[in-house]
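The structure appears below as structure tokens.
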Amino acid sequence: MFTACARLDAPEYDMYGASDMPQEALPVEAVLAEPEGHLNQPVTVTGTVHEVCQMAGCWLMLRALDTEAGLRVHVARSEDGSYAFTVPTDISGRLATAYGVLQVADPDAEEHYQADAYGQRSGFQVAPSFSMVATSIRIAPDASL
């Protein structure tokens with residue numbers, strides 16, 4: 001009975017993808033300030049969702065509240081090429097934590113991503129320099145903006 005009561009106090013995060021995400025996460029601004037130490041390695045990053053793919057929920061943009069720098073987080077793909085999971089398209093403004101491999105972003109793909117965002121840019125005009133392929137994403141229940 002005490003277990004049930006304790007669960008009521010804990011925020012219920014929405015989890016997408018693998019459930020084995022490390023608990024410790026770095027703020028997106030810390031990873032972007034020193035990306036060299038994280039490139040091509042698994043890392044857990046947290047930030048505010050500012051854009052989401054409105055076509056399929058297959059990517060989101062994580063940003064800190066006080067910077068235009070961001071990190072595009074792509075969902076992993078299955079062996080058959082389909083998305084391993086997707087996220088809801090209405091999560092902008094919510095805190096998110098993503099676990100995956102950090103890589104240099106493809107600047108040639110940015111126009112495609114902006115078309116899929118349907119104008120959600122929220123005043124930010126800087127294309128991301130880094131992206132991540134995430135195997136899991138955890139979304140907070142309430143808006144954090």
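How things are named: the first chain in the structure tokens is A, the next is B, and so on; residues count from 1 in each chain; ligands count from 1 in the order shown.
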> Got a sec: who's within 10 Å of Gly47 (chain A), counting only C-alpha atoms, leaving out chain neighbours fewer than 2 positions off, as JSON, numbers by chain?
Replying inline: {"A": [25, 26, 27, 28, 29, 45, 49, 50, 61, 62, 63, 64, 65, 70, 71, 93, 94, 95, 96, 97, 98, 144]}
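With only C-alpha atoms as the atoms that count, the residue of A:Met55, A:His38, A:Pro107, A:Tyr99 with the shortest distance to Glu24 (chain A) is A:Tyr99.
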Contacts of region 20-65 of chain A with region 74-83 of chain A up to 12 Å, shortest pair per row, only C-alpha atoms, as CSV:
```
residue,atom,partner,partner_atom,distance
A:Glu51,CA,A:His74,CA,11.8
A:Val52,CA,A:His74,CA,10.0
A:Cys53,CA,A:His74,CA,9.6
A:Ala56,CA,A:Tyr83,CA,9.3
A:Gly57,CA,A:Val75,CA,8.5
A:Cys58,CA,A:Val75,CA,5.5
A:Trp59,CA,A:His74,CA,4.3
A:Leu60,CA,A:His74,CA,6.7
A:Met61,CA,A:His74,CA,8.8
A:Leu62,CA,A:His74,CA,10.7
```
Quick one: everything within 7 Å of Ser131 (chain A), counting only C-alpha atoms, minus sequence neighbours fewer than 6 positions away in the same chain. Send it as a PDB file with N, CA and C atoms, in the first residue's frame.
```pdb
ATOM      1  N   LEU A  71      20.067  21.031 -30.383  1.00  0.00           N
ATOM      2  CA  LEU A  71      20.488  19.694 -30.757  1.00  0.00           C
ATOM      3  C   LEU A  71      19.282  18.988 -31.360  1.00  0.00           C
ATOM      4  N   ARG A  72      19.400  18.560 -32.613  1.00  0.00           N
ATOM      5  CA  ARG A  72      18.305  17.828 -33.234  1.00  0.00           C
ATOM      6  C   ARG A  72      18.435  16.363 -32.825  1.00  0.00           C
ATOM      7  N   VAL A  73      17.366  15.823 -32.265  1.00  0.00           N
ATOM      8  CA  VAL A  73      17.343  14.447 -31.790  1.00  0.00           C
ATOM      9  C   VAL A  73      16.450  13.638 -32.725  1.00  0.00           C
ATOM     10  N   LEU A 102      25.879  11.138 -30.124  1.00  0.00           N
ATOM     11  CA  LEU A 102      26.025  12.497 -30.642  1.00  0.00           C
ATOM     12  C   LEU A 102      26.859  12.466 -31.919  1.00  0.00           C
ATOM     13  N   GLN A 103      26.432  13.238 -32.927  1.00  0.00           N
ATOM     14  CA  GLN A 103      27.167  13.317 -34.181  1.00  0.00           C
ATOM     15  C   GLN A 103      27.053  14.720 -34.766  1.00  0.00           C
ATOM     16  N   VAL A 104      27.885  15.004 -35.758  1.00  0.00           N
ATOM     17  CA  VAL A 104      27.819  16.283 -36.458  1.00  0.00           C
ATOM     18  C   VAL A 104      26.561  16.271 -37.329  1.00  0.00           C
ATOM     19  N   ALA A 105      25.795  17.354 -37.299  1.00  0.00           N
ATOM     20  CA  ALA A 105      24.547  17.446 -38.071  1.00  0.00           C
ATOM     21  C   ALA A 105      24.835  17.586 -39.552  1.00  0.00           C
TER      22      ALA A 105
END
```
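As for CA of Ala69 (chain A) and CA of Asp106 (chain A), they are spaced 15.2 Å apart.
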> Just asking: which residues within region 35-137 of chain A are alpha helix (DSSP H) according to DSSP, as JSON, numbers by chain?
Replying inline: {"A": [110, 111, 112, 113, 114, 115, 116, 117]}
For the selection you just gave me, I'd like the residues written to a file as a PDB file, in the first residue's frame, keeping C-alpha atoms.
```pdb
ATOM      1  CA  GLU A 110      18.018  21.315 -42.532  1.00  0.00           C
ATOM      2  CA  GLU A 111      15.592  22.595 -45.179  1.00  0.00           C
ATOM      3  CA  HIS A 112      13.755  19.248 -45.080  1.00  0.00           C
ATOM      4  CA  TYR A 113      13.503  19.344 -41.274  1.00  0.00           C
ATOM      5  CA  GLN A 114      12.146  22.883 -41.281  1.00  0.00           C
ATOM      6  CA  ALA A 115       9.463  21.891 -43.757  1.00  0.00           C
ATOM      7  CA  ASP A 116       8.439  19.057 -41.400  1.00  0.00           C
ATOM      8  CA  ALA A 117       8.369  21.473 -38.429  1.00  0.00           C
TER       9      ALA A 117
END
```
> A:Val101, A:Leu32, A:Gln54, A:Asp142: which is nearest Pro128 (chain A), counting only C-alpha atoms?
Replying inline: A:Leu32
